[in-house]
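The structure under discussion appears below in the form of C-alpha coordinates.
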Amino acid sequence: MRNTFALILFSLFVGALAPALAAGPEDLVKSMASEVTASVRSLPPDNGGVNPQLTAIIERELVPRFDFGRISQIAMGRNWLKASPAEQKQITTEFSHLLIRTYSNAINNLRDMDVAVRSTRSNGSDGDVTVRTQMVGRGSPAAIDYSLSNATGSWKVYDVQVEGISLVAAYRDEFTALVSSDGVGGVIAALKKKNAK
(Lines give C-alpha, C1' and ligand atoms only; values in the text may rest on other atoms or scores of the structure.)
Protein backbone atom coordinates (compact mmCIF):
# COMPACT_ATOMS: atom_id res chain seq x y z
CA MET A 1 0.00 0.00 0.00
CA ARG A 2 2.88 2.35 0.80
CA ASN A 3 4.43 1.85 -2.66
CA THR A 4 1.06 2.42 -4.32
CA PHE A 5 0.56 5.65 -2.40
CA ALA A 6 4.08 6.82 -3.33
CA LEU A 7 3.22 6.07 -6.96
CA ILE A 8 0.08 8.18 -6.67
CA LEU A 9 2.10 11.04 -5.26
CA PHE A 10 4.77 10.86 -7.94
CA SER A 11 2.17 10.66 -10.68
CA LEU A 12 0.50 13.75 -9.24
CA PHE A 13 3.79 15.60 -9.28
CA VAL A 14 4.48 14.49 -12.85
CA GLY A 15 1.01 15.63 -13.80
CA ALA A 16 1.50 19.04 -12.25
CA LEU A 17 4.06 20.71 -14.48
CA ALA A 18 2.46 22.01 -17.67
CA PRO A 19 3.56 24.45 -20.33
CA ALA A 20 1.15 27.34 -20.65
CA LEU A 21 0.42 26.69 -24.33
CA ALA A 22 -0.51 22.99 -24.20
CA ALA A 23 -3.30 22.33 -26.70
CA GLY A 24 -5.38 20.11 -24.43
CA PRO A 25 -5.24 17.86 -21.38
CA GLU A 26 -3.55 14.94 -23.16
CA ASP A 27 -0.85 17.14 -24.70
CA LEU A 28 -0.50 18.86 -21.35
CA VAL A 29 0.16 15.59 -19.52
CA LYS A 30 2.65 14.44 -22.20
CA SER A 31 4.72 17.60 -21.90
CA MET A 32 4.37 17.65 -18.11
CA ALA A 33 5.78 14.15 -17.91
CA SER A 34 8.89 14.91 -19.94
CA GLU A 35 9.57 18.21 -18.17
CA VAL A 36 9.23 16.94 -14.63
CA THR A 37 11.22 13.79 -15.35
CA ALA A 38 14.13 15.93 -16.54
CA SER A 39 13.81 18.27 -13.55
CA VAL A 40 13.70 15.48 -10.98
CA ARG A 41 16.62 13.60 -12.50
CA SER A 42 18.75 16.75 -12.48
CA LEU A 43 18.55 16.90 -8.68
CA PRO A 44 20.82 14.81 -6.46
CA PRO A 45 18.99 12.07 -4.56
CA ASP A 46 18.24 12.97 -0.95
CA ASN A 47 18.26 9.86 1.19
CA GLY A 48 17.52 11.62 4.46
CA GLY A 49 14.54 13.90 4.78
CA VAL A 50 12.96 16.34 2.36
CA ASN A 51 15.02 17.75 -0.51
CA PRO A 52 14.56 21.56 -0.27
CA GLN A 53 15.13 21.98 -4.03
CA LEU A 54 12.42 19.45 -4.77
CA THR A 55 10.05 21.10 -2.32
CA ALA A 56 10.66 24.47 -3.98
CA ILE A 57 9.85 23.00 -7.41
CA ILE A 58 6.65 21.46 -6.07
CA GLU A 59 5.51 24.67 -4.38
CA ARG A 60 6.27 26.77 -7.45
CA GLU A 61 4.98 24.44 -10.15
CA LEU A 62 2.51 22.00 -8.60
CA VAL A 63 0.35 24.19 -6.42
CA PRO A 64 -0.97 26.39 -9.26
CA ARG A 65 -1.78 23.31 -11.37
CA PHE A 66 -3.94 21.53 -8.78
CA ASP A 67 -7.39 22.42 -7.55
CA PHE A 68 -6.71 21.80 -3.85
CA GLY A 69 -10.07 23.29 -2.92
CA ARG A 70 -11.90 20.70 -4.99
CA ILE A 71 -9.54 17.94 -3.85
CA SER A 72 -10.28 18.80 -0.22
CA GLN A 73 -14.02 19.02 -0.86
CA ILE A 74 -14.13 15.62 -2.53
CA ALA A 75 -11.99 14.07 0.22
CA MET A 76 -14.37 15.42 2.87
CA GLY A 77 -17.44 14.20 0.97
CA ARG A 78 -20.77 15.10 2.57
CA ASN A 79 -18.92 16.36 5.62
CA TRP A 80 -17.65 19.35 3.62
CA LEU A 81 -21.01 21.05 4.17
CA LYS A 82 -20.64 20.61 7.94
CA ALA A 83 -17.58 22.85 7.89
CA SER A 84 -17.88 26.63 8.07
CA PRO A 85 -16.20 28.66 5.31
CA ALA A 86 -13.30 29.36 7.70
CA GLU A 87 -12.97 25.64 8.50
CA GLN A 88 -13.11 24.77 4.79
CA LYS A 89 -10.24 27.19 4.18
CA GLN A 90 -8.24 25.67 7.04
CA ILE A 91 -8.81 22.14 5.75
CA THR A 92 -7.74 23.13 2.24
CA THR A 93 -4.61 24.90 3.51
CA GLU A 94 -3.53 22.10 5.85
CA PHE A 95 -4.36 19.34 3.37
CA SER A 96 -2.40 21.03 0.59
CA HIS A 97 0.61 21.41 2.93
CA LEU A 98 0.38 17.72 3.82
CA LEU A 99 0.24 16.65 0.18
CA ILE A 100 3.17 18.90 -0.77
CA ARG A 101 5.30 17.47 2.04
CA THR A 102 4.34 13.93 1.10
CA TYR A 103 5.18 14.53 -2.58
CA SER A 104 8.63 15.73 -1.57
CA ASN A 105 9.27 12.61 0.52
CA ALA A 106 8.01 10.17 -2.12
CA ILE A 107 9.43 11.48 -5.36
CA ASN A 108 13.08 10.48 -4.94
CA ASN A 109 12.06 6.82 -4.81
CA LEU A 110 10.45 6.97 -8.26
CA ARG A 111 12.80 9.18 -10.28
CA ASP A 112 13.70 6.39 -12.72
CA MET A 113 10.14 5.96 -14.02
CA ASP A 114 8.55 7.53 -17.11
CA VAL A 115 4.93 8.32 -17.97
CA ALA A 116 3.34 7.18 -21.25
CA VAL A 117 -0.02 8.70 -22.20
CA ARG A 118 -2.52 6.09 -23.43
CA SER A 119 -5.89 7.79 -24.04
CA THR A 120 -8.34 10.45 -22.91
CA ARG A 121 -12.03 10.06 -22.08
CA SER A 122 -14.72 12.61 -21.29
CA ASN A 123 -16.29 12.60 -17.83
CA GLY A 124 -19.57 13.95 -19.18
CA SER A 125 -18.38 17.21 -20.71
CA ASP A 126 -15.48 18.61 -22.74
CA GLY A 127 -14.38 20.51 -19.64
CA ASP A 128 -13.93 17.43 -17.45
CA VAL A 129 -11.78 14.58 -18.68
CA THR A 130 -9.61 11.69 -17.55
CA VAL A 131 -6.21 11.19 -19.14
CA ARG A 132 -5.07 7.58 -18.92
CA THR A 133 -1.35 6.93 -18.61
CA GLN A 134 1.10 4.27 -17.51
CA MET A 135 4.25 4.60 -15.43
CA VAL A 136 6.99 2.47 -16.92
CA GLY A 137 10.64 1.88 -16.15
CA ARG A 138 10.86 -0.87 -13.55
CA GLY A 139 8.65 -3.80 -12.71
CA SER A 140 5.19 -4.03 -14.21
CA PRO A 141 3.67 -0.86 -15.73
CA ALA A 142 1.24 0.93 -13.40
CA ALA A 143 -1.98 2.39 -14.81
CA ILE A 144 -2.55 6.01 -13.79
CA ASP A 145 -5.68 8.06 -14.51
CA TYR A 146 -5.61 11.85 -14.11
CA SER A 147 -8.93 13.62 -13.65
CA LEU A 148 -8.74 17.21 -14.90
CA SER A 149 -11.23 20.04 -15.22
CA ASN A 150 -11.03 23.42 -16.92
CA ALA A 151 -13.95 24.88 -14.96
CA THR A 152 -11.71 27.72 -13.78
CA GLY A 153 -10.50 28.55 -17.30
CA SER A 154 -7.37 26.39 -17.22
CA TRP A 155 -6.87 22.66 -16.83
CA LYS A 156 -6.30 21.58 -13.23
CA VAL A 157 -5.96 18.15 -11.66
CA TYR A 158 -8.55 17.23 -9.04
CA ASP A 159 -7.91 13.50 -8.62
CA VAL A 160 -5.50 10.75 -9.62
CA GLN A 161 -6.11 7.01 -9.60
CA VAL A 162 -3.31 4.46 -9.64
CA GLU A 163 -4.44 0.93 -10.49
CA GLY A 164 -7.96 2.00 -9.50
CA ILE A 165 -6.94 3.58 -6.16
CA SER A 166 -8.00 7.22 -5.87
CA LEU A 167 -5.88 9.73 -3.95
CA VAL A 168 -9.05 11.43 -2.78
CA ALA A 169 -10.71 8.18 -1.69
CA ALA A 170 -7.58 7.22 0.23
CA TYR A 171 -8.25 10.11 2.60
CA ARG A 172 -12.05 10.05 2.61
CA ASP A 173 -12.42 7.16 5.07
CA GLU A 174 -9.94 8.78 7.47
CA PHE A 175 -11.69 12.15 7.31
CA THR A 176 -15.12 10.56 7.74
CA ALA A 177 -13.96 8.71 10.86
CA LEU A 178 -12.44 11.89 12.30
CA VAL A 179 -15.63 13.89 11.73
CA SER A 180 -17.69 11.12 13.35
CA SER A 181 -15.50 11.04 16.46
CA ASP A 182 -14.28 14.64 16.83
CA GLY A 183 -16.23 16.79 14.40
CA VAL A 184 -14.76 18.92 11.61
CA GLY A 185 -12.27 20.28 14.11
CA GLY A 186 -10.86 16.78 14.43
CA VAL A 187 -9.86 16.78 10.76
CA ILE A 188 -8.15 20.16 11.11
CA ALA A 189 -6.34 19.08 14.28
CA ALA A 190 -5.16 15.83 12.69
CA LEU A 191 -3.86 17.61 9.61
CA LYS A 192 -2.04 20.20 11.73
CA LYS A 193 -0.45 17.44 13.80
CA LYS A 194 0.80 15.65 10.69
CA ASN A 195 2.18 18.88 9.26
CA ALA A 196 3.99 19.69 12.50
CA LYS A 197 6.09 16.50 12.39
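Labels for the C-alpha coordinates follow display order: chains A, B, ..., residues from 1 in each chain, ligands from 1.
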Need to verify the contact set: A:Leu98, 8 Å, only C-alpha atoms, exclusion of same-chain residues closer than 6 positions in sequence. Can you return it as a PyMOL selection string?
chain A and resi 191+194-195
Would you please work out which residue, of A:Ile57, A:Val157, A:Ala190, A:Val115, is nearest to A:Arg70 when using only C-alpha atoms?
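Going through A:Ile57, A:Val157, A:Ala190, A:Val115 one by one, the smallest distance to A:Arg70 is for A:Val157.
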If you count only C-alpha atoms, which residues fall within 12 Å of A:Tyr146, apart from same-chain ones fewer than 2 positions away, as a PyMOL selection string?
chain A and resi 8-9+11-16+25-26+28-30+66+115+117-123+128-134+143-144+148-149+155-168
Selection above as a file: N, CA and C atoms, as a short mmCIF file (atom, residue, chain, number, x, y, z; two decimals), in the first residue's frame:
data_model
loop_
_atom_site.label_atom_id
_atom_site.label_comp_id
_atom_site.auth_asym_id
_atom_site.auth_seq_id
_atom_site.Cartn_x
_atom_site.Cartn_y
_atom_site.Cartn_z
N ILE A 8 1.10 7.15 -6.49
CA ILE A 8 0.08 8.18 -6.67
C ILE A 8 0.70 9.56 -6.53
N LEU A 9 1.51 9.73 -5.52
CA LEU A 9 2.10 11.04 -5.26
C LEU A 9 3.03 11.46 -6.38
N SER A 11 2.95 10.40 -9.47
CA SER A 11 2.17 10.66 -10.68
C SER A 11 1.49 12.01 -10.60
N LEU A 12 1.06 12.42 -9.40
CA LEU A 12 0.50 13.75 -9.24
C LEU A 12 1.53 14.82 -9.54
N PHE A 13 2.74 14.62 -9.04
CA PHE A 13 3.79 15.60 -9.28
C PHE A 13 4.10 15.68 -10.76
N VAL A 14 4.22 14.52 -11.42
CA VAL A 14 4.48 14.49 -12.85
C VAL A 14 3.36 15.20 -13.59
N GLY A 15 2.14 15.02 -13.14
CA GLY A 15 1.01 15.63 -13.80
C GLY A 15 0.86 17.10 -13.53
N ALA A 16 1.70 17.66 -12.67
CA ALA A 16 1.50 19.04 -12.25
C ALA A 16 2.19 20.07 -13.11
N PRO A 25 -5.71 18.60 -22.56
CA PRO A 25 -5.24 17.86 -21.38
C PRO A 25 -4.26 16.73 -21.70
N GLU A 26 -4.46 16.04 -22.83
CA GLU A 26 -3.55 14.94 -23.16
C GLU A 26 -2.17 15.48 -23.53
N LEU A 28 -1.00 18.30 -22.59
CA LEU A 28 -0.50 18.86 -21.35
C LEU A 28 0.21 17.80 -20.50
N VAL A 29 -0.43 16.65 -20.34
CA VAL A 29 0.16 15.59 -19.52
C VAL A 29 1.43 15.05 -20.18
N LYS A 30 1.44 14.91 -21.51
CA LYS A 30 2.65 14.44 -22.20
C LYS A 30 3.83 15.36 -21.93
N PHE A 66 -2.99 22.41 -9.44
CA PHE A 66 -3.94 21.53 -8.78
C PHE A 66 -5.05 22.33 -8.12
N VAL A 115 6.37 8.37 -17.77
CA VAL A 115 4.93 8.32 -17.97
C VAL A 115 4.62 8.27 -19.45
N VAL A 117 1.40 8.40 -22.08
CA VAL A 117 -0.02 8.70 -22.20
C VAL A 117 -0.68 7.68 -23.12
N ARG A 118 -1.82 7.13 -22.67
CA ARG A 118 -2.52 6.09 -23.43
C ARG A 118 -3.77 6.61 -24.14
N SER A 119 -4.64 7.32 -23.44
CA SER A 119 -5.89 7.79 -24.04
C SER A 119 -6.54 8.83 -23.14
N THR A 120 -7.58 9.47 -23.67
CA THR A 120 -8.34 10.45 -22.91
C THR A 120 -9.83 10.16 -23.08
N ARG A 121 -10.58 10.26 -22.00
CA ARG A 121 -12.03 10.06 -22.08
C ARG A 121 -12.74 11.24 -21.40
N SER A 122 -13.91 11.55 -21.88
CA SER A 122 -14.72 12.61 -21.29
C SER A 122 -15.42 12.08 -20.05
N ASN A 123 -15.54 12.95 -19.04
CA ASN A 123 -16.29 12.60 -17.83
C ASN A 123 -17.68 13.22 -17.85
N ASP A 128 -14.28 18.35 -18.54
CA ASP A 128 -13.93 17.43 -17.45
C ASP A 128 -13.56 16.09 -18.08
N VAL A 129 -12.27 15.76 -17.99
CA VAL A 129 -11.78 14.58 -18.68
C VAL A 129 -10.87 13.76 -17.78
N THR A 130 -10.61 12.54 -18.19
CA THR A 130 -9.61 11.69 -17.55
C THR A 130 -8.58 11.30 -18.59
N VAL A 131 -7.33 11.57 -18.28
CA VAL A 131 -6.21 11.19 -19.14
C VAL A 131 -5.60 9.92 -18.56
N ARG A 132 -5.59 8.87 -19.36
CA ARG A 132 -5.07 7.58 -18.92
C ARG A 132 -3.60 7.45 -19.31
N THR A 133 -2.77 7.09 -18.35
CA THR A 133 -1.35 6.93 -18.61
C THR A 133 -0.84 5.66 -17.93
N GLN A 134 0.41 5.35 -18.22
CA GLN A 134 1.10 4.27 -17.51
C GLN A 134 2.47 4.76 -17.08
N ALA A 143 -0.98 1.54 -14.16
CA ALA A 143 -1.98 2.39 -14.81
C ALA A 143 -2.30 3.58 -13.92
N ILE A 144 -2.27 4.77 -14.52
CA ILE A 144 -2.55 6.01 -13.79
C ILE A 144 -3.58 6.81 -14.56
N LEU A 148 -9.00 15.78 -14.75
CA LEU A 148 -8.74 17.21 -14.90
C LEU A 148 -10.01 17.94 -15.29
N SER A 149 -10.10 19.19 -14.86
CA SER A 149 -11.23 20.04 -15.22
C SER A 149 -10.70 21.40 -15.63
N TRP A 155 -6.80 24.04 -17.27
CA TRP A 155 -6.87 22.66 -16.83
C TRP A 155 -6.17 22.49 -15.49
N LYS A 156 -6.88 21.87 -14.54
CA LYS A 156 -6.30 21.58 -13.23
C LYS A 156 -6.67 20.16 -12.82
N VAL A 157 -5.75 19.51 -12.13
CA VAL A 157 -5.96 18.15 -11.66
C VAL A 157 -6.76 18.18 -10.37
N TYR A 158 -7.78 17.31 -10.28
CA TYR A 158 -8.55 17.23 -9.04
C TYR A 158 -8.61 15.81 -8.47
N ASP A 159 -8.04 14.85 -9.17
CA ASP A 159 -7.91 13.50 -8.62
C ASP A 159 -6.97 12.69 -9.50
N VAL A 160 -6.35 11.69 -8.90
CA VAL A 160 -5.50 10.75 -9.62
C VAL A 160 -5.79 9.36 -9.08
N GLN A 161 -5.93 8.41 -9.99
CA GLN A 161 -6.11 7.01 -9.60
C GLN A 161 -4.94 6.19 -10.11
N VAL A 162 -4.37 5.39 -9.26
CA VAL A 162 -3.31 4.46 -9.64
C VAL A 162 -3.84 3.05 -9.43
N GLU A 163 -3.90 2.30 -10.53
CA GLU A 163 -4.44 0.93 -10.49
C GLU A 163 -5.80 0.93 -9.76
N GLY A 164 -6.62 1.93 -10.06
CA GLY A 164 -7.96 2.00 -9.50
C GLY A 164 -8.05 2.60 -8.11
N ILE A 165 -6.93 2.99 -7.51
CA ILE A 165 -6.94 3.58 -6.16
C ILE A 165 -6.88 5.09 -6.29
N SER A 166 -7.90 5.76 -5.78
CA SER A 166 -8.00 7.22 -5.87
C SER A 166 -7.29 7.88 -4.70
N LEU A 167 -6.52 8.94 -5.01
CA LEU A 167 -5.88 9.73 -3.95
C LEU A 167 -6.93 10.29 -3.01
N VAL A 168 -8.00 10.83 -3.58
CA VAL A 168 -9.05 11.43 -2.78
C VAL A 168 -9.71 10.38 -1.89
#
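Going from atom CA of A:Gln90 over to atom CA of A:Ile71, you cover 13.4 Å.
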Close residues, stretch 174-188 of chain A itself excluded, 12 Å, only C-alpha atoms, min 4 positions apart in chain, as a VMD selection string
chain A and resid 72 to 95 98 168 to 170 192 to 195
Could you write out the selected residues, including N, CA and C atoms, as a short mmCIF file (atom, residue, chain, number, x, y, z; two decimals), in the first residue's frame?
data_model
loop_
_atom_site.label_atom_id
_atom_site.label_comp_id
_atom_site.auth_asym_id
_atom_site.auth_seq_id
_atom_site.Cartn_x
_atom_site.Cartn_y
_atom_site.Cartn_z
N SER A 72 -9.89 18.85 -1.63
CA SER A 72 -10.28 18.80 -0.22
C SER A 72 -11.78 18.54 -0.07
N GLN A 73 -12.57 19.19 -0.91
CA GLN A 73 -14.02 19.02 -0.86
C GLN A 73 -14.42 17.58 -1.16
N ILE A 74 -13.81 17.00 -2.18
CA ILE A 74 -14.13 15.62 -2.53
C ILE A 74 -13.68 14.67 -1.42
N ALA A 75 -12.49 14.93 -0.85
CA ALA A 75 -11.99 14.07 0.22
C ALA A 75 -12.89 14.12 1.45
N MET A 76 -13.46 15.28 1.72
CA MET A 76 -14.37 15.42 2.87
C MET A 76 -15.75 14.83 2.59
N GLY A 77 -16.13 14.74 1.32
CA GLY A 77 -17.44 14.20 0.97
C GLY A 77 -18.57 15.04 1.53
N ARG A 78 -19.61 14.38 2.02
CA ARG A 78 -20.77 15.10 2.57
C ARG A 78 -20.42 15.94 3.78
N ASN A 79 -19.33 15.60 4.44
CA ASN A 79 -18.92 16.36 5.62
C ASN A 79 -18.39 17.75 5.30
N TRP A 80 -18.10 18.02 4.02
CA TRP A 80 -17.65 19.35 3.62
C TRP A 80 -18.67 20.41 4.00
N LEU A 81 -19.94 20.09 3.87
CA LEU A 81 -21.01 21.05 4.17
C LEU A 81 -21.16 21.28 5.67
N LYS A 82 -20.60 20.41 6.49
CA LYS A 82 -20.64 20.61 7.94
C LYS A 82 -19.60 21.63 8.40
N ALA A 83 -18.65 21.92 7.54
CA ALA A 83 -17.58 22.85 7.89
C ALA A 83 -18.00 24.28 7.52
N SER A 84 -17.65 25.22 8.38
CA SER A 84 -17.88 26.63 8.07
C SER A 84 -16.90 27.06 6.97
N PRO A 85 -17.16 28.19 6.31
CA PRO A 85 -16.20 28.66 5.31
C PRO A 85 -14.78 28.79 5.86
N ALA A 86 -14.64 29.24 7.10
CA ALA A 86 -13.30 29.36 7.70
C ALA A 86 -12.67 27.98 7.90
N GLU A 87 -13.48 27.01 8.32
CA GLU A 87 -12.97 25.64 8.50
C GLU A 87 -12.61 25.02 7.15
N GLN A 88 -13.42 25.27 6.12
CA GLN A 88 -13.11 24.77 4.79
C GLN A 88 -11.77 25.31 4.30
N LYS A 89 -11.52 26.58 4.57
CA LYS A 89 -10.24 27.19 4.18
C LYS A 89 -9.09 26.56 4.94
N GLN A 90 -9.29 26.31 6.23
CA GLN A 90 -8.24 25.67 7.04
C GLN A 90 -7.94 24.26 6.54
N ILE A 91 -9.00 23.51 6.25
CA ILE A 91 -8.81 22.14 5.75
C ILE A 91 -8.03 22.16 4.44
N THR A 92 -8.41 23.05 3.53
CA THR A 92 -7.74 23.13 2.24
C THR A 92 -6.27 23.50 2.41
N THR A 93 -6.00 24.47 3.28
CA THR A 93 -4.61 24.90 3.51
C THR A 93 -3.78 23.78 4.12
N GLU A 94 -4.29 23.15 5.17
CA GLU A 94 -3.53 22.10 5.85
C GLU A 94 -3.37 20.86 4.97
N PHE A 95 -4.42 20.52 4.23
CA PHE A 95 -4.36 19.34 3.37
C PHE A 95 -3.37 19.56 2.24
N LEU A 98 0.08 19.14 3.60
CA LEU A 98 0.38 17.72 3.82
C LEU A 98 0.75 17.03 2.51
N VAL A 168 -8.00 10.83 -3.58
CA VAL A 168 -9.05 11.43 -2.78
C VAL A 168 -9.71 10.38 -1.89
N ALA A 169 -10.05 9.23 -2.47
CA ALA A 169 -10.71 8.18 -1.69
C ALA A 169 -9.82 7.65 -0.59
N ALA A 170 -8.50 7.71 -0.80
CA ALA A 170 -7.58 7.22 0.23
C ALA A 170 -7.70 8.02 1.52
N LYS A 192 -3.06 19.35 11.13
CA LYS A 192 -2.04 20.20 11.73
C LYS A 192 -0.97 19.36 12.43
N LYS A 193 -1.40 18.32 13.09
CA LYS A 193 -0.45 17.44 13.80
C LYS A 193 0.50 16.77 12.82
N LYS A 194 -0.04 16.29 11.69
CA LYS A 194 0.80 15.65 10.69
C LYS A 194 1.78 16.66 10.09
N ASN A 195 1.32 17.87 9.86
CA ASN A 195 2.18 18.88 9.26
C ASN A 195 3.26 19.40 10.22
#
Assign secondary structure with DSSP using the backbone only, and return the residues of stretch 59-175 of chain A in helix (DSSP H, G or I) as a ChimeraX atom specification.
/A:59-65,68-82,85-110,167-175
In Å, with one decimal, what is the gap from atom CA of A:Val136 to atom CA of A:Met113?
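For atom CA of A:Val136 relative to atom CA of A:Met113, the distance reads 5.5 Å.
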Using only C-alpha atoms, which residue out of A:Asp114, A:Gly139, A:Lys197, A:Val63 lies closest to A:Ala38?
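Looking at the shortest contact to A:Ala38, the residue is A:Asp114.
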d(atom CA of A:Ser42, atom CA of A:Gly137) in Å:
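So the answer is 17.3 Å.
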If you run DSSP on the backbone here, which positions in stretch 39-175 of chain A get strand (DSSP E)? Please write them as a PyMOL selection string.
chain A and resi 114-125+128-136+142-149+156-162+165-166
